[in-house]
Amino acid sequence: MSRCAFALLLLSFAATSSIAAEQEAFPDLRPDDRAGLTEAARVLQEEIKLAGRPQTYLLVDLVSGTIHIKGRGIDLHRIPIEHWWLSTHDGTAATFRLVHRPPVARRKIQPTGNAEQEPVSLTDMPTTYTLPCTPSLFLEVVPPAREHLWLWTLSSGRLWWGQLTAWGTQWIAGQAPPPHLRLILSADHAQSLAWSMVDGMPFILRRPAS
Amino acid sequence: MTRALLSLCAILTIGLLSSTIPRNGPSPAVGSLPQSPAAEDPDLRQLQVQYRALSKQLAQLMPQQPYIVVDTARNRLYIKRKGAIVLDALASTGSGTILDKPGDAGGQWIFDTPRGQFAVQSKLTKPVWVKPDWAFIEEGLTVPKNPAERVEQGVLGEYALGFGKGYFIHGTLYTRLLGKNVTHGCIRLNDGDLKTVYQMAHVGTPILIF
């Protein structure tokens with residue numbers, strides 16, 4: 001009898017743990033949020049395609065403020081977003097690809113040299129970078145003003161000027177500028193993201209309803 | 001004792017059921033959908049069903065067996081099973097340095113550990129290192145014509161797991177360098193961790209590198 005009870009106890013634990021393991025893709029999603037559900041379904045459809053391919057990809061979740069580095073649907077690493085700005089929602093419901101990864105100054109081994117060359121490390125990665133993507137989108141990463149006031153101010157000025165000229169072009173030529181996503185990440189996280197990016201890396205955006 | 005165990009089973013089962021019963025809390029997850037709004041709105045209900053089906057589809061793409069995750073920025077190798085860490089090992093990964101190919105204008109070797117999704121393709125015991133051209137060139141030596149002169153024994157540890165294009169997870173004589181980016185792209189581990197990885201991984205075990 002006690003063995004039977006013990007088996008039942010084990011079964012209960014197993015059932016509890018298996019249900020706990022069944023995770024929601026977006027735990028922050030409210031069941032009555034129609035726009036949120038529509039966006040989540042779109043993102044999941046895109047992600048399922050990516051997760052079936054032998055590559056890592058990024059899910060830039062603007063709703064939860066997190067960048068997920070993923071592979072096969074598994075969260076490999078998470079990077080918090082401090083703030084973000086997206087110029088327009090138009091044209092952002094797609095799977096984007098980075099044209100190239102952020103630049104890194106690699107050190108060259110001198111075959112005749114005796115000293116071993118210093119390896120590339122996280123600190124060699126840039127903290128500020130703008131990456132073109134296909135379909136057309138500009139992904140800009142900048143540090144927060146509290147960490148690098150000068151870089152933040154410079155980037156904000158460029159962004160302001162870029163938007164002004166884009167609006168001007170749109171007004172004159174009737175041509176909409178490509179979307180621009182600005183992510184404000186701490187220097188460490190910007191470097192961590194730059195490290196994990198590869199040429200042609202796909203990424204998808206989960207956008208808030210408004 | 002038996003009664004106590006049975007009572008515990010009952011409590012766990014009730015707890016389990018109650019966790020899946022819909023609630024009208026302020027922010028319930030979609031997994032515990034409230035009946036009333038969705039029942040009144042078939043479109044919303046359909047969105048919820050679609051979202052849950054897609055979440056499940058994504059979860060099914062995740063490996064059900066143990067898999068290997070390599071964090072090249074922090075030089076760590078993990079074995080995980082359903083998201084839980086089974087092994088957390090200090091590793092050495094690619095240095096990111098470059099070496100010019102002699103006689104090939106513009107040709108370079110880049111000593112990065114490849115990022116992306118791979119799988120264990122081979123498992124070797126007592127592996128020998130067949131030194132590639134770059135191993136001689138970076139030391140300022142002439143590349144031998146006799147293949148036998150490329151073979152070096154005892155430098156890769158007791159085991160090696162190949163994951164394609166000449167990249168391996170293997171052991172090292174330089175354990176003091178574990179935790180640093182010093183390799184030519186392979187992933188080095190200490191003897192104990194290498195043995196665990198060898199025992200837990202099979203041909204086909206996914207390797208996710210970021």
# chains A, B, ... in the order shown; residues from 1 in each chain; ligands from 1
$ residues_around --residues "Gly179 of chain B" --least-positions-apart "3" --cutoff "12 Å" --atoms "only C-alpha atoms" --output "PyMOL selection string"
(chain A and resi 121) or (chain B and resi 70-77+89-95+174-176+182-183+187-190)
$ residues_around --residues "Arg106 of chain A" --least-positions-apart "4" --cutoff "8 Å" --atoms "only C-alpha atoms" --output "JSON list (two decimals) with C-alpha atoms, in the first residue's frame"
[["chain", "number", "residue", "atom", "x", "y", "z"],
["A", 120, "VAL", "CA", 39.73, 39.60, -29.04],
["B", 96, "GLY", "CA", 39.25, 36.06, -32.92],
["B", 97, "THR", "CA", 42.75, 36.85, -34.19],
["B", 98, "ILE", "CA", 43.72, 36.67, -37.84]]
$ atom_distance --atom1 "atom CA of Ala35 of chain A" --atom2 "atom CA of Leu54 of chain B"
16.1 Å
$ select_by_dssp --residues "segment 97-199 of chain B" --states "strand (DSSP E)" --output "JSON, numbers by chain"
{"B": [98, 99, 100, 108, 109, 110, 116, 117, 118, 119, 122, 123, 124, 125, 128, 129, 130, 151, 152, 153, 159, 160, 161, 162, 168, 169, 170, 181, 182, 183, 187, 188]}
$ select_by_dssp --residues "segment 29-169 of chain A" --states "alpha helix (DSSP H)" --output "PyMOL selection string"
chain A and resi 34-51+149-169
$ residues_around --residues "segment 65-79 of chain A" --least-positions-apart "2" --cutoff "7 Å" --atoms "only C-alpha atoms" --output "PDB file with N, CA and C atoms, in the first residue's frame"
ATOM      1  N   ALA A  51      13.458  28.856 -36.083  1.00  0.00           N
ATOM      2  CA  ALA A  51      13.883  27.826 -35.133  1.00  0.00           C
ATOM      3  C   ALA A  51      14.118  26.486 -35.825  1.00  0.00           C
ATOM      4  N   GLY A  52      13.549  26.322 -36.994  1.00  0.00           N
ATOM      5  CA  GLY A  52      13.751  25.080 -37.733  1.00  0.00           C
ATOM      6  C   GLY A  52      15.022  25.077 -38.558  1.00  0.00           C
ATOM      7  N   GLN A  55      20.670  27.864 -37.260  1.00  0.00           N
ATOM      8  CA  GLN A  55      21.301  29.165 -37.035  1.00  0.00           C
ATOM      9  C   GLN A  55      20.756  29.763 -35.736  1.00  0.00           C
ATOM     10  N   THR A  56      21.506  30.702 -35.212  1.00  0.00           N
ATOM     11  CA  THR A  56      20.993  31.453 -34.073  1.00  0.00           C
ATOM     12  C   THR A  56      20.312  32.701 -34.616  1.00  0.00           C
ATOM     13  N   TYR A  57      19.396  33.237 -33.858  1.00  0.00           N
ATOM     14  CA  TYR A  57      18.667  34.420 -34.312  1.00  0.00           C
ATOM     15  C   TYR A  57      18.329  35.289 -33.102  1.00  0.00           C
ATOM     16  N   LEU A  58      17.874  36.495 -33.396  1.00  0.00           N
ATOM     17  CA  LEU A  58      17.527  37.433 -32.330  1.00  0.00           C
ATOM     18  C   LEU A  58      16.025  37.668 -32.324  1.00  0.00           C
ATOM     19  N   LEU A  59      15.476  37.707 -31.145  1.00  0.00           N
ATOM     20  CA  LEU A  59      14.103  38.179 -30.981  1.00  0.00           C
ATOM     21  C   LEU A  59      14.198  39.473 -30.172  1.00  0.00           C
ATOM     22  N   VAL A  60      13.931  40.585 -30.818  1.00  0.00           N
ATOM     23  CA  VAL A  60      13.976  41.878 -30.126  1.00  0.00           C
ATOM     24  C   VAL A  60      12.561  42.151 -29.631  1.00  0.00           C
ATOM     25  N   ASP A  61      12.362  41.899 -28.357  1.00  0.00           N
ATOM     26  CA  ASP A  61      11.032  42.002 -27.765  1.00  0.00           C
ATOM     27  C   ASP A  61      10.869  43.402 -27.162  1.00  0.00           C
ATOM     28  N   LEU A  62      10.220  44.268 -27.910  1.00  0.00           N
ATOM     29  CA  LEU A  62      10.047  45.659 -27.451  1.00  0.00           C
ATOM     30  C   LEU A  62       8.961  45.736 -26.378  1.00  0.00           C
ATOM     31  N   VAL A  63       8.144  44.720 -26.287  1.00  0.00           N
ATOM     32  CA  VAL A  63       7.081  44.722 -25.268  1.00  0.00           C
ATOM     33  C   VAL A  63       7.691  44.467 -23.882  1.00  0.00           C
ATOM     34  N   ILE A  81      16.891  45.809 -22.580  1.00  0.00           N
ATOM     35  CA  ILE A  81      16.872  47.083 -23.317  1.00  0.00           C
ATOM     36  C   ILE A  81      16.478  48.170 -22.315  1.00  0.00           C
ATOM     37  N   HIS A 189      26.137  45.497 -22.227  1.00  0.00           N
ATOM     38  CA  HIS A 189      25.148  44.728 -22.996  1.00  0.00           C
ATOM     39  C   HIS A 189      25.279  44.986 -24.500  1.00  0.00           C
TER      40      HIS A 189
ATOM     41  N   LEU B  58       6.315  25.838 -31.318  1.00  0.00           N
ATOM     42  CA  LEU B  58       7.685  26.305 -31.079  1.00  0.00           C
ATOM     43  C   LEU B  58       8.369  25.430 -30.028  1.00  0.00           C
ATOM     44  N   ALA B  59       7.620  25.100 -28.971  1.00  0.00           N
ATOM     45  CA  ALA B  59       8.189  24.269 -27.898  1.00  0.00           C
ATOM     46  C   ALA B  59       8.593  22.895 -28.431  1.00  0.00           C
ATOM     47  N   LEU B  61       9.889  22.284 -31.224  1.00  0.00           N
ATOM     48  CA  LEU B  61      11.160  22.368 -31.960  1.00  0.00           C
ATOM     49  C   LEU B  61      12.365  22.343 -31.022  1.00  0.00           C
ATOM     50  N   MET B  62      12.119  22.595 -29.750  1.00  0.00           N
ATOM     51  CA  MET B  62      13.224  22.599 -28.784  1.00  0.00           C
ATOM     52  C   MET B  62      13.684  21.158 -28.549  1.00  0.00           C
ATOM     53  N   GLN B 117      23.976  26.920 -34.964  1.00  0.00           N
ATOM     54  CA  GLN B 117      23.501  25.625 -34.475  1.00  0.00           C
ATOM     55  C   GLN B 117      24.234  24.500 -35.200  1.00  0.00           C
ATOM     56  N   LEU B 208      24.587  24.474 -29.591  1.00  0.00           N
ATOM     57  CA  LEU B 208      24.189  25.855 -29.911  1.00  0.00           C
ATOM     58  C   LEU B 208      25.291  26.784 -29.413  1.00  0.00           C
TER      59      LEU B 208
END
$ residues_around --residues "Glu149 of chain B" --least-positions-apart "2" --cutoff "12 Å" --atoms "only C-alpha atoms" --output "JSON, numbers by chain"
{"B": [129, 130, 131, 132, 133, 136, 142, 143, 144, 145, 146, 147, 151, 152, 153]}
$ atom_distance --atom1 "atom CA of Leu37 of chain A" --atom2 "atom CA of Gln50 of chain B"
8.8 Å
$ residues_around --residues "Leu194 of chain B" --least-positions-apart "3" --cutoff "9 Å" --atoms "only C-alpha atoms" --output "list of chain:residue names"
B:Ala89, B:Gly157, B:Glu158, B:Tyr159, B:Ala160, B:Ile169, B:His170, B:Gly171, B:Arg188, B:Leu189, B:Asn190, B:Asp191, B:Val197, B:Tyr198, B:Gln199
$ write_last_selection --atoms "C-alpha atoms" --output "mmCIF file, in the first residue's frame"
data_model
loop_
_atom_site.group_PDB
_atom_site.id
_atom_site.type_symbol
_atom_site.label_atom_id
_atom_site.label_comp_id
_atom_site.auth_asym_id
_atom_site.auth_seq_id
_atom_site.Cartn_x
_atom_site.Cartn_y
_atom_site.Cartn_z
ATOM 1 C CA ALA B 89 32.044 24.029 -17.500
ATOM 2 C CA GLY B 157 43.038 15.027 -24.241
ATOM 3 C CA GLU B 158 41.291 11.685 -23.975
ATOM 4 C CA TYR B 159 38.261 12.519 -26.090
ATOM 5 C CA ALA B 160 37.151 14.750 -28.940
ATOM 6 C CA ILE B 169 35.316 19.961 -28.434
ATOM 7 C CA HIS B 170 38.482 18.516 -26.936
ATOM 8 C CA GLY B 171 40.848 18.572 -23.974
ATOM 9 C CA ARG B 188 38.698 23.258 -25.016
ATOM 10 C CA LEU B 189 37.641 21.753 -21.690
ATOM 11 C CA ASN B 190 39.430 20.237 -18.717
ATOM 12 C CA ASP B 191 39.659 16.446 -18.499
ATOM 13 C CA VAL B 197 30.422 15.807 -22.205
ATOM 14 C CA TYR B 198 31.692 12.709 -23.989
ATOM 15 C CA GLN B 199 29.489 10.460 -21.874
#
$ closest_residue --among "A:Leu122, A:Ala94, A:Ala187, A:Leu86" --to "chain B" --atoms "only C-alpha atoms"
A:Leu122
$ residues_around --residues "Ile109 of chain A" --least-positions-apart "2" --cutoff "7 Å" --atoms "only C-alpha atoms" --output "list in words"
Arg107, Pro111 and Gln117 of chain A; Thr97, Ile98, Leu99 and Glu138 of chain B
$ atom_distance --atom1 "atom CA of Leu87 of chain B" --atom2 "atom CA of Pro63 of chain B"
16.3 Å
$ closest_residue --among "B:Gln65, B:Gln46, B:Thr113, B:Ser55" --to "Pro206 of chain B" --atoms "only C-alpha atoms"
B:Gln65
$ residues_around --residues "Ala41 of chain A" --least-positions-apart "6" --cutoff "12 Å" --atoms "only C-alpha atoms" --output "ChimeraX atom specification"
/A:25-26,29,34-35,47-48,93,206-207 /B:46-58
